[in-house]
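Heads up, entry_14.txt below (compact mmCIF, C-alpha atoms):
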```
# COMPACT_ATOMS: atom_id res chain seq x y z
CA MET G 1 -38.77 76.54 -97.37
CA ALA G 2 -38.03 73.30 -95.52
CA SER G 3 -40.27 70.40 -96.49
CA ALA G 4 -42.75 68.84 -94.07
CA ALA G 5 -40.71 65.61 -94.08
CA ILE G 6 -37.56 67.43 -93.01
CA VAL G 7 -39.43 69.30 -90.28
CA GLU G 8 -40.94 66.04 -88.99
CA GLU G 9 -37.51 64.38 -88.83
CA THR G 10 -36.07 67.46 -87.14
CA ILE G 11 -38.74 67.30 -84.44
CA LYS G 12 -37.78 63.68 -83.75
CA ILE G 13 -34.16 64.73 -83.33
CA ASP G 14 -35.23 67.65 -81.17
CA ASN G 15 -36.89 65.37 -78.66
CA GLU G 16 -33.56 63.64 -78.09
CA GLY G 17 -31.27 66.66 -78.26
CA PHE G 18 -30.61 69.70 -76.11
CA ALA G 19 -31.18 68.94 -72.43
CA VAL G 20 -33.59 71.50 -70.99
CA PRO G 21 -32.34 72.86 -67.65
CA ASP G 22 -34.69 73.04 -64.66
CA ASN G 23 -33.90 76.64 -63.74
CA ASN G 24 -32.96 79.91 -65.40
CA ALA G 25 -29.87 82.03 -64.73
CA PHE G 26 -31.41 83.16 -61.42
CA GLY G 27 -32.23 79.65 -60.18
CA HIS G 28 -35.98 80.08 -60.78
CA SER G 29 -38.49 78.50 -63.16
CA PHE G 30 -38.39 79.93 -66.69
CA ARG G 31 -40.92 82.62 -67.64
CA ASP G 32 -42.44 82.68 -64.14
CA TYR G 33 -43.98 86.15 -63.98
CA ASP G 34 -45.71 85.57 -60.64
CA LYS G 35 -42.79 84.45 -58.50
CA GLU G 36 -41.26 87.15 -56.30
CA THR G 37 -37.77 87.57 -57.75
CA GLU G 38 -35.28 90.39 -57.91
CA ARG G 39 -36.58 91.37 -61.35
CA ARG G 40 -40.34 90.83 -61.02
CA ALA G 41 -41.40 94.42 -60.22
CA GLY G 42 -39.36 95.83 -63.10
CA VAL G 43 -40.71 93.27 -65.57
CA GLU G 44 -44.32 93.95 -64.58
CA ASN G 45 -43.85 97.70 -64.88
CA PHE G 46 -42.32 97.14 -68.32
CA TYR G 47 -45.42 95.27 -69.49
CA LYS G 48 -47.79 97.81 -67.99
CA THR G 49 -46.19 100.61 -70.02
CA ASN G 50 -45.98 98.39 -73.09
CA HIS G 51 -49.62 97.32 -73.02
CA ILE G 52 -50.96 100.82 -72.50
CA ASN G 53 -48.94 102.39 -75.31
CA GLN G 54 -48.74 99.74 -78.04
CA THR G 55 -51.63 100.78 -80.27
CA TYR G 56 -52.29 100.14 -83.95
CA GLU G 57 -51.57 103.80 -84.73
CA PHE G 58 -48.32 103.76 -82.73
CA VAL G 59 -47.00 100.66 -84.51
CA THR G 60 -47.92 101.99 -87.95
CA LYS G 61 -45.89 105.13 -87.27
CA LYS G 62 -42.90 103.12 -86.01
CA ILE G 63 -42.87 100.94 -89.13
CA GLU G 64 -42.87 104.07 -91.29
CA GLU G 65 -40.16 105.76 -89.19
CA PHE G 66 -37.70 102.85 -89.11
CA GLY G 67 -38.60 101.68 -92.60
CA LYS G 68 -36.48 104.54 -93.94
CA PHE G 69 -33.31 102.64 -92.93
CA ASN G 70 -31.41 105.86 -92.36
CA ARG G 71 -29.60 104.86 -89.14
CA GLY G 72 -26.41 103.96 -90.99
CA GLU G 73 -24.62 100.88 -92.29
CA MET G 74 -22.83 98.09 -90.43
CA SER G 75 -22.28 94.35 -90.59
CA ILE G 76 -24.19 91.70 -88.65
CA TRP G 77 -21.15 91.03 -86.44
CA ASP G 78 -20.66 94.73 -85.70
CA CYS G 79 -24.26 94.79 -84.51
CA CYS G 80 -23.65 91.75 -82.30
CA GLU G 81 -20.75 93.52 -80.61
CA LEU G 82 -22.79 96.66 -79.99
CA LEU G 83 -25.30 94.53 -78.08
CA ASN G 84 -22.63 93.86 -75.46
CA GLU G 85 -23.79 97.10 -73.85
CA ILE G 86 -27.47 96.11 -73.62
CA VAL G 87 -29.56 94.19 -71.07
CA ASP G 88 -33.24 93.48 -71.78
CA GLU G 89 -35.40 94.69 -68.85
CA SER G 90 -38.40 92.63 -69.99
CA ASP G 91 -36.64 89.27 -69.62
CA PRO G 92 -37.36 87.50 -66.30
CA ASP G 93 -34.70 84.85 -67.03
CA LEU G 94 -31.58 86.77 -68.02
CA ASP G 95 -29.52 89.81 -67.10
CA GLU G 96 -26.41 89.02 -69.16
CA PRO G 97 -25.36 91.15 -72.17
CA GLN G 98 -27.34 90.17 -75.24
CA ILE G 99 -24.37 88.80 -77.23
CA GLU G 100 -24.01 86.06 -74.59
CA HIS G 101 -27.60 84.97 -75.16
CA LEU G 102 -27.24 85.08 -78.96
CA LEU G 103 -24.19 82.81 -78.94
CA GLN G 104 -25.64 80.45 -76.33
CA THR G 105 -28.74 80.04 -78.50
CA ALA G 106 -26.79 79.58 -81.73
CA GLU G 107 -24.32 77.11 -80.26
CA ALA G 108 -27.04 74.99 -78.64
CA ILE G 109 -28.81 74.75 -82.01
CA ARG G 110 -25.56 74.00 -83.82
CA LYS G 111 -24.87 71.06 -81.51
CA ASP G 112 -28.22 69.38 -82.22
CA TYR G 113 -28.63 70.38 -85.90
CA PRO G 114 -25.13 70.49 -87.44
CA ASN G 115 -26.51 70.47 -91.00
CA GLU G 116 -28.99 73.35 -90.61
CA ASP G 117 -26.56 76.25 -90.85
CA TRP G 118 -29.38 78.74 -91.58
CA LEU G 119 -30.86 77.87 -88.18
CA HIS G 120 -27.49 78.46 -86.47
CA LEU G 121 -27.33 81.94 -88.00
CA THR G 122 -30.95 82.63 -87.12
CA GLY G 123 -30.04 81.86 -83.51
CA LEU G 124 -27.23 84.40 -83.65
CA LEU G 125 -29.23 87.25 -85.15
CA HIS G 126 -32.76 86.73 -83.80
CA ASP G 127 -32.44 89.47 -81.15
CA LEU G 128 -30.30 91.95 -83.10
CA GLY G 129 -33.29 94.27 -83.35
CA LYS G 130 -32.57 95.21 -79.74
CA ILE G 131 -29.96 97.52 -81.22
CA LEU G 132 -32.85 100.01 -81.09
CA LEU G 133 -31.98 100.43 -77.41
CA HIS G 134 -28.49 101.69 -78.21
CA PRO G 135 -27.81 105.47 -78.09
CA LYS G 136 -26.50 105.32 -81.66
CA PHE G 137 -29.96 104.19 -82.77
CA GLY G 138 -31.92 106.79 -80.85
CA GLU G 139 -32.04 104.90 -77.54
CA GLU G 140 -35.64 103.79 -77.89
CA PRO G 141 -37.40 103.06 -74.56
CA GLN G 142 -37.33 99.44 -73.41
CA TRP G 143 -41.12 99.05 -73.54
CA CYS G 144 -41.21 99.45 -77.34
CA VAL G 145 -38.23 97.20 -78.08
CA GLY G 146 -38.43 94.06 -75.94
CA GLY G 147 -41.09 91.81 -74.46
CA ASP G 148 -43.69 89.40 -75.79
CA THR G 149 -45.47 90.54 -78.96
CA PHE G 150 -49.12 90.42 -80.03
CA PRO G 151 -51.33 91.56 -82.93
CA LEU G 152 -52.78 95.05 -83.20
CA GLY G 153 -55.99 95.85 -85.01
CA CYS G 154 -57.92 93.06 -83.27
CA ALA G 155 -58.78 92.04 -79.71
CA PHE G 156 -56.04 91.40 -77.14
CA ASP G 157 -56.16 87.71 -76.27
CA GLU G 158 -56.29 86.88 -72.57
CA SER G 159 -53.24 84.60 -72.89
CA ILE G 160 -50.98 87.67 -73.32
CA VAL G 161 -48.84 88.15 -70.22
CA TYR G 162 -50.15 90.89 -67.86
CA HIS G 163 -53.30 91.15 -69.97
CA LYS G 164 -55.01 93.31 -67.32
CA TYR G 165 -53.07 96.39 -68.38
CA PHE G 166 -54.71 96.44 -71.82
CA ALA G 167 -57.73 97.97 -70.10
CA GLU G 168 -55.93 101.30 -70.38
CA ASN G 169 -55.02 100.84 -74.05
CA PRO G 170 -57.24 102.98 -76.36
CA ASP G 171 -57.57 100.12 -78.87
CA SER G 172 -59.39 98.00 -76.29
CA LYS G 173 -62.34 100.40 -76.64
CA HIS G 174 -62.17 100.77 -80.42
CA PRO G 175 -65.31 99.44 -82.18
CA ILE G 176 -63.29 97.39 -84.69
CA TYR G 177 -59.90 96.80 -83.04
CA SER G 178 -61.58 95.32 -79.97
CA THR G 179 -63.26 92.49 -81.92
CA ARG G 180 -61.91 88.97 -82.50
CA LEU G 181 -60.97 89.50 -86.17
CA GLY G 182 -60.74 93.28 -86.12
CA ILE G 183 -59.39 94.49 -89.47
CA TYR G 184 -58.37 90.98 -90.60
CA LYS G 185 -59.94 87.94 -92.26
CA GLU G 186 -59.69 84.28 -91.27
CA ASN G 187 -56.44 82.68 -92.51
CA CYS G 188 -55.22 85.98 -93.98
CA GLY G 189 -51.61 85.04 -93.15
CA LEU G 190 -49.40 86.53 -90.44
CA GLU G 191 -47.47 88.42 -93.12
CA ASN G 192 -50.56 90.67 -93.32
CA VAL G 193 -51.00 91.14 -89.56
CA THR G 194 -49.61 94.16 -87.71
CA ILE G 195 -47.71 92.94 -84.64
CA SER G 196 -46.73 95.10 -81.66
CA TRP G 197 -43.59 97.10 -82.36
CA GLY G 198 -40.29 95.77 -81.09
CA HIS G 199 -36.96 94.20 -81.92
CA ASP G 200 -38.55 91.24 -83.74
CA HIS G 201 -40.26 93.28 -86.41
CA TYR G 202 -37.40 95.74 -86.82
CA MET G 203 -34.84 92.99 -87.47
CA TYR G 204 -37.26 91.30 -89.87
CA MET G 205 -37.53 94.61 -91.78
CA VAL G 206 -33.72 94.93 -91.88
CA MET G 207 -33.37 91.38 -93.23
CA LYS G 208 -35.97 91.97 -95.95
CA GLU G 209 -34.51 95.33 -96.94
CA ASN G 210 -31.01 93.86 -97.28
CA LYS G 211 -32.26 90.86 -99.27
CA THR G 212 -31.05 88.03 -97.05
CA THR G 213 -31.05 84.60 -98.64
CA LEU G 214 -32.13 82.86 -95.44
CA PRO G 215 -35.18 80.61 -96.00
CA SER G 216 -38.66 81.87 -95.14
CA ALA G 217 -38.58 79.87 -91.90
CA GLY G 218 -35.61 81.98 -90.74
CA LEU G 219 -37.47 85.21 -91.44
CA PHE G 220 -40.56 83.83 -89.71
CA ILE G 221 -38.55 82.91 -86.60
CA VAL G 222 -37.01 86.37 -86.33
CA ARG G 223 -40.33 88.15 -86.81
CA PHE G 224 -42.42 86.01 -84.46
CA HIS G 225 -40.07 84.48 -81.86
CA SER G 226 -41.54 86.75 -79.15
CA PHE G 227 -45.14 86.01 -80.23
CA TYR G 228 -45.68 83.71 -77.23
CA PRO G 229 -49.50 83.93 -77.32
CA LEU G 230 -49.32 82.04 -80.62
CA HIS G 231 -46.53 79.52 -80.22
CA ARG G 232 -47.11 78.84 -76.54
CA ASN G 233 -50.91 79.13 -76.26
CA GLY G 234 -52.22 78.77 -79.82
CA ALA G 235 -53.90 82.19 -79.74
CA TYR G 236 -54.62 83.89 -83.08
CA SER G 237 -54.05 80.65 -85.00
CA TYR G 238 -57.15 81.51 -87.04
CA LEU G 239 -55.10 84.23 -88.76
CA MET G 240 -52.47 81.78 -90.04
CA ASN G 241 -52.20 80.42 -93.57
CA GLU G 242 -50.59 77.14 -94.63
CA GLU G 243 -47.07 78.57 -94.97
CA ASP G 244 -47.34 80.00 -91.45
CA LYS G 245 -48.26 76.57 -90.12
CA GLU G 246 -45.18 74.99 -91.68
CA ASN G 247 -42.89 77.75 -90.43
CA LEU G 248 -44.41 77.55 -86.96
CA LYS G 249 -42.99 74.03 -86.65
CA TRP G 250 -39.49 75.50 -87.01
CA LEU G 251 -40.28 78.32 -84.61
CA LYS G 252 -41.35 75.87 -81.92
CA ILE G 253 -38.07 73.99 -82.39
CA PHE G 254 -36.12 77.23 -82.19
CA ASN G 255 -37.99 78.50 -79.15
CA LYS G 256 -36.59 75.80 -76.88
CA TYR G 257 -33.06 76.97 -77.58
CA ASP G 258 -33.98 80.65 -77.35
CA LEU G 259 -35.58 80.16 -73.93
CA TYR G 260 -33.69 77.39 -72.20
CA SER G 261 -30.13 78.23 -73.25
CA LYS G 262 -30.24 81.27 -70.94
CA SER G 263 -27.63 80.33 -68.38
CA LYS G 264 -24.38 81.45 -66.79
CA VAL G 265 -22.38 79.21 -69.14
CA ARG G 266 -20.06 81.44 -71.18
CA VAL G 267 -19.23 81.01 -74.86
CA ASP G 268 -15.70 81.50 -76.19
CA VAL G 269 -16.51 84.28 -78.64
CA GLU G 270 -13.19 84.28 -80.49
CA LYS G 271 -13.32 80.51 -80.98
CA VAL G 272 -16.74 80.50 -82.65
CA LYS G 273 -16.48 83.86 -84.43
CA PRO G 274 -14.91 82.53 -87.71
CA TYR G 275 -17.76 80.06 -88.17
CA TYR G 276 -20.47 82.67 -87.76
CA LEU G 277 -18.65 85.14 -89.97
CA SER G 278 -18.72 82.51 -92.72
CA LEU G 279 -22.48 82.12 -92.32
CA ILE G 280 -23.03 85.87 -92.36
CA GLU G 281 -21.07 86.07 -95.61
CA LYS G 282 -23.18 83.26 -97.07
CA TYR G 283 -26.59 84.75 -96.27
CA PHE G 284 -26.07 88.54 -96.07
CA PRO G 285 -24.23 91.38 -97.80
CA SER G 286 -21.07 92.67 -96.05
CA LYS G 287 -22.78 95.87 -94.90
CA LEU G 288 -26.46 96.25 -94.08
CA LYS G 289 -28.66 99.32 -94.08
CA TRP G 290 -30.24 99.84 -90.64
```

How would this structure read if it were set down as structure tokens?
Amino acid sequence: MASAAIVEETIKIDNEGFAVPDNNAFGHSFRDYDKETERRAGVENFYKTNHINQTYEFVTKKIEEFGKFNRGEMSIWDCCELLNEIVDESDPDLDEPQIEHLLQTAEAIRKDYPNEDWLHLTGLLHDLGKILLHPKFGEEPQWCVGGDTFPLGCAFDESIVYHKYFAENPDSKHPIYSTRLGIYKENCGLENVTISWGHDHYMYMVMKENKTTLPSAGLFIVRFHSFYPLHRNGAYSYLMNEEDKENLKWLKIFNKYDLYSKSKVRVDVEKVKPYYLSLIEKYFPSKLKW
């Protein structure tokens, strides 16, 4: 894991690096869920369905189902190319194919942090779990693949986007799951917390199963990059341990590139492909079980 000194220096560089744009790909403010845009109604409906159906029992079953890794074998790059056919309905900032977003994120990081190749690769693969939306992977519904994530087994924090729809979630009335700590203990570590099911957790499971050599910060970023209640609002910080706190520093650095690189600027895929193939070879086996 990266040392605190390296993280501190990286944060200093970050403040001088990537220029954050004022508007998203639609010309609106980023992550503005209240503004009337062409995608607002669809995004809100996505979260309504998500918040009603994401229960502790549901997530437990999904982890068991996809933890069998019986969907086949393919490389990281093959997965990237399959994502060309997918658009995330939960994203208010982007309607481009996912591979565009992955490369925009990775290239923006690469420009500011040329020596952190693990972070470049993390940028490329952080959303690969959205392969769950593809027909070859069972064509899972959007509401259980994308969107912001949150813990299950404890109370739903009010900072979660469209919180009002949790009123219809059975867990909100559960005698234990509806309490602040629920089934957890203070500082138990996020590794031990069940997070809502989606592309984050699935890709994290794939990485662990295939024994990636990426540092723990890379795994943390993939698993929690959609956990906006934590890294944007500080919610659930009482569940974190010391390693989580160190890795969160990297996640906050990463998040700027994940969010603000969403633009209409295209990346020359063939030009950058050899570099990312070299990183994939360095940190992953040639074929992964999915």

Compile the contact shell of stretch 49-52 of chain G as an mmCIF file with C-alpha atoms, keeping the file's coordinate frame: residues with an atom at most 8 Å away, counting all atoms listed in the file, same-chain residues fewer than 2 positions apart removed.
```cif
data_model
loop_
_atom_site.group_PDB
_atom_site.id
_atom_site.type_symbol
_atom_site.label_atom_id
_atom_site.label_comp_id
_atom_site.auth_asym_id
_atom_site.auth_seq_id
_atom_site.Cartn_x
_atom_site.Cartn_y
_atom_site.Cartn_z
ATOM 1 C CA ASN G 45 -43.850 97.700 -64.880
ATOM 2 C CA PHE G 46 -42.320 97.140 -68.320
ATOM 3 C CA TYR G 47 -45.420 95.270 -69.490
ATOM 4 C CA GLN G 54 -48.740 99.740 -78.040
ATOM 5 C CA THR G 55 -51.630 100.780 -80.270
ATOM 6 C CA TRP G 143 -41.120 99.050 -73.540
ATOM 7 C CA CYS G 144 -41.210 99.450 -77.340
ATOM 8 C CA HIS G 163 -53.300 91.150 -69.970
ATOM 9 C CA TYR G 165 -53.070 96.390 -68.380
ATOM 10 C CA PHE G 166 -54.710 96.440 -71.820
ATOM 11 C CA ALA G 167 -57.730 97.970 -70.100
ATOM 12 C CA GLU G 168 -55.930 101.300 -70.380
ATOM 13 C CA ASN G 169 -55.020 100.840 -74.050
ATOM 14 C CA PRO G 170 -57.240 102.980 -76.360
#
```

Among listed residues G:Phe156, G:Trp197, G:Tyr238, G:Tyr56, nearest G:Glu140 (using only C-alpha atoms) = G:Trp197

Could you please give me, as a list in words, the residues of protein, DNA or RNA lying at most 12 Å from (-24.2, 73.9, -93.0) in the coordinate frame of the file, considering all atoms listed in the file?
-> Ile109, Arg110, Lys111, Tyr113, Pro114, Asn115, Glu116, Asp117, Trp118, Leu119, His120, Leu121, Tyr275, Tyr276, Ser278, Leu279, Lys282 and Tyr283 of chain G

Each residue of stretch 110-187 of chain G with at least one atom at most 8 Å from stretch 198-202 of chain G should appear once, together with its nearest atom pair and the corresponding distance in Å (one decimal); atoms considered: all atoms listed in the file; ordering: chain, then increasing residue number; output as CSV.
```
residue,atom,partner,partner_atom,distance
G:His126,CA,G:Asp200,CA,7.3
G:Asp127,CA,G:His199,CA,6.6
G:Leu128,CA,G:His199,CA,7.1
G:Gly129,CA,G:His199,CA,3.9
G:Lys130,CA,G:His199,CA,5.0
G:Ile131,CA,G:His199,CA,7.8
G:Leu132,CA,G:His199,CA,7.2
G:Cys144,CA,G:Gly198,CA,5.3
G:Val145,CA,G:Gly198,CA,3.9
G:Gly146,CA,G:Gly198,CA,5.7
G:Gly147,CA,G:Gly198,CA,7.8
G:Thr149,CA,G:Gly198,CA,7.7
```

Could you save the residues just selected, with C-alpha atoms, as a PDB file, in the coordinates of the input?
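Result file part-v8.pdb:
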```
ATOM      1  CA  HIS G 126     -32.760  86.730 -83.800  1.00  0.00           C
ATOM      2  CA  ASP G 127     -32.440  89.470 -81.150  1.00  0.00           C
ATOM      3  CA  LEU G 128     -30.300  91.950 -83.100  1.00  0.00           C
ATOM      4  CA  GLY G 129     -33.290  94.270 -83.350  1.00  0.00           C
ATOM      5  CA  LYS G 130     -32.570  95.210 -79.740  1.00  0.00           C
ATOM      6  CA  ILE G 131     -29.960  97.520 -81.220  1.00  0.00           C
ATOM      7  CA  LEU G 132     -32.850 100.010 -81.090  1.00  0.00           C
ATOM      8  CA  CYS G 144     -41.210  99.450 -77.340  1.00  0.00           C
ATOM      9  CA  VAL G 145     -38.230  97.200 -78.080  1.00  0.00           C
ATOM     10  CA  GLY G 146     -38.430  94.060 -75.940  1.00  0.00           C
ATOM     11  CA  GLY G 147     -41.090  91.810 -74.460  1.00  0.00           C
ATOM     12  CA  THR G 149     -45.470  90.540 -78.960  1.00  0.00           C
TER      13      THR G 149
END
```

Taking (-57.4, 81.0, -92.0) in the file's coordinates, which residues come within 6 Å, counting all atoms listed in the file, written as a VMD selection string?
-> chain G and resid 186 to 188 238 to 241

For G:Ile76, which of G:Glu191, G:Glu158, G:Glu246, G:Glu281 is the closest residue, counting all atoms listed in the file?
-> G:Glu281

Calculate how many Å separate atom CA of G:Glu44 from atom CA of G:Tyr257, rounding to one decimal.
->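 About the pair atom CA of G:Glu44 and atom CA of G:Tyr257: they are 24.2 Å apart.
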
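The space between atom CA of G:Arg223 and atom CA of G:Tyr204 spans 5.4 Å.
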
Do a neighbour search on G:Glu107 at 9 Å with all atoms listed in the file, toss out local chain neighbours closer than 3 positions, and write the hits as a PyMOL selection string.
-> chain G and resi 102-104+110-112+120+123-124+267+272

Atom CA of G:Leu259 to atom CA of G:Val43, distance in Å rounded to a single decimal | 16.4 Å

Which one of G:Lys61, G:Lys68, G:Lys48, G:His101 sits closest to G:Gln142 if you count all atoms listed in the file?
-> G:Lys48

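Comparing the minimum interatomic distances between G:Ser216 and each of G:Leu251, G:Ile195, G:Ile160, G:Leu181, counting all atoms listed in the file, we find that G:Leu251 sits nearest.
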
Final N, CA and C atoms of stretch 48-67 of chain G as a PDB file, keeping the file's coordinate frame:
```pdb
ATOM      1  N   LYS G  48     -46.714  96.834 -68.175  1.00  0.00           N
ATOM      2  CA  LYS G  48     -47.790  97.810 -67.990  1.00  0.00           C
ATOM      3  C   LYS G  48     -47.642  98.950 -68.984  1.00  0.00           C
ATOM      4  N   THR G  49     -46.449  99.512 -69.075  1.00  0.00           N
ATOM      5  CA  THR G  49     -46.190 100.610 -70.020  1.00  0.00           C
ATOM      6  C   THR G  49     -46.368 100.140 -71.452  1.00  0.00           C
ATOM      7  N   ASN G  50     -45.866  98.956 -71.751  1.00  0.00           N
ATOM      8  CA  ASN G  50     -45.980  98.390 -73.090  1.00  0.00           C
ATOM      9  C   ASN G  50     -47.435  98.232 -73.507  1.00  0.00           C
ATOM     10  N   HIS G  51     -48.237  97.639 -72.654  1.00  0.00           N
ATOM     11  CA  HIS G  51     -49.620  97.320 -73.020  1.00  0.00           C
ATOM     12  C   HIS G  51     -50.499  98.558 -73.128  1.00  0.00           C
ATOM     13  N   ILE G  52     -50.180  99.587 -72.412  1.00  0.00           N
ATOM     14  CA  ILE G  52     -50.960 100.820 -72.500  1.00  0.00           C
ATOM     15  C   ILE G  52     -50.645 101.573 -73.786  1.00  0.00           C
ATOM     16  N   ASN G  53     -49.390 101.529 -74.218  1.00  0.00           N
ATOM     17  CA  ASN G  53     -48.940 102.390 -75.310  1.00  0.00           C
ATOM     18  C   ASN G  53     -48.848 101.734 -76.687  1.00  0.00           C
ATOM     19  N   GLN G  54     -48.829 100.413 -76.739  1.00  0.00           N
ATOM     20  CA  GLN G  54     -48.740  99.740 -78.040  1.00  0.00           C
ATOM     21  C   GLN G  54     -50.129  99.717 -78.682  1.00  0.00           C
ATOM     22  N   THR G  55     -50.371 100.695 -79.543  1.00  0.00           N
ATOM     23  CA  THR G  55     -51.630 100.780 -80.270  1.00  0.00           C
ATOM     24  C   THR G  55     -51.375 100.571 -81.764  1.00  0.00           C
ATOM     25  N   TYR G  56     -52.427 100.331 -82.509  1.00  0.00           N
ATOM     26  CA  TYR G  56     -52.290 100.140 -83.950  1.00  0.00           C
ATOM     27  C   TYR G  56     -51.667 101.380 -84.593  1.00  0.00           C
ATOM     28  N   GLU G  57     -52.101 102.553 -84.181  1.00  0.00           N
ATOM     29  CA  GLU G  57     -51.570 103.800 -84.730  1.00  0.00           C
ATOM     30  C   GLU G  57     -50.087 103.959 -84.391  1.00  0.00           C
ATOM     31  N   PHE G  58     -49.715 103.646 -83.157  1.00  0.00           N
ATOM     32  CA  PHE G  58     -48.320 103.760 -82.730  1.00  0.00           C
ATOM     33  C   PHE G  58     -47.419 102.868 -83.572  1.00  0.00           C
ATOM     34  N   VAL G  59     -47.823 101.605 -83.765  1.00  0.00           N
ATOM     35  CA  VAL G  59     -47.000 100.660 -84.510  1.00  0.00           C
ATOM     36  C   VAL G  59     -46.874 101.070 -85.973  1.00  0.00           C
ATOM     37  N   THR G  60     -47.962 101.534 -86.561  1.00  0.00           N
ATOM     38  CA  THR G  60     -47.920 101.990 -87.950  1.00  0.00           C
ATOM     39  C   THR G  60     -46.902 103.105 -88.142  1.00  0.00           C
ATOM     40  N   LYS G  61     -46.845 104.019 -87.192  1.00  0.00           N
ATOM     41  CA  LYS G  61     -45.890 105.130 -87.270  1.00  0.00           C
ATOM     42  C   LYS G  61     -44.451 104.637 -87.106  1.00  0.00           C
ATOM     43  N   LYS G  62     -44.246 103.652 -86.221  1.00  0.00           N
ATOM     44  CA  LYS G  62     -42.900 103.120 -86.010  1.00  0.00           C
ATOM     45  C   LYS G  62     -42.391 102.396 -87.259  1.00  0.00           C
ATOM     46  N   ILE G  63     -43.257 101.644 -87.908  1.00  0.00           N
ATOM     47  CA  ILE G  63     -42.870 100.940 -89.130  1.00  0.00           C
ATOM     48  C   ILE G  63     -42.460 101.941 -90.211  1.00  0.00           C
ATOM     49  N   GLU G  64     -43.202 103.033 -90.306  1.00  0.00           N
ATOM     50  CA  GLU G  64     -42.870 104.070 -91.290  1.00  0.00           C
ATOM     51  C   GLU G  64     -41.553 104.756 -90.924  1.00  0.00           C
ATOM     52  N   GLU G  65     -41.364 105.062 -89.638  1.00  0.00           N
ATOM     53  CA  GLU G  65     -40.160 105.760 -89.190  1.00  0.00           C
ATOM     54  C   GLU G  65     -38.898 104.939 -89.429  1.00  0.00           C
ATOM     55  N   PHE G  66     -38.910 103.679 -88.999  1.00  0.00           N
ATOM     56  CA  PHE G  66     -37.700 102.850 -89.110  1.00  0.00           C
ATOM     57  C   PHE G  66     -37.580 102.177 -90.469  1.00  0.00           C
ATOM     58  N   GLY G  67     -38.655 102.225 -91.256  1.00  0.00           N
ATOM     59  CA  GLY G  67     -38.600 101.680 -92.600  1.00  0.00           C
ATOM     60  C   GLY G  67     -37.808 102.536 -93.578  1.00  0.00           C
TER      61      GLY G  67
END
```
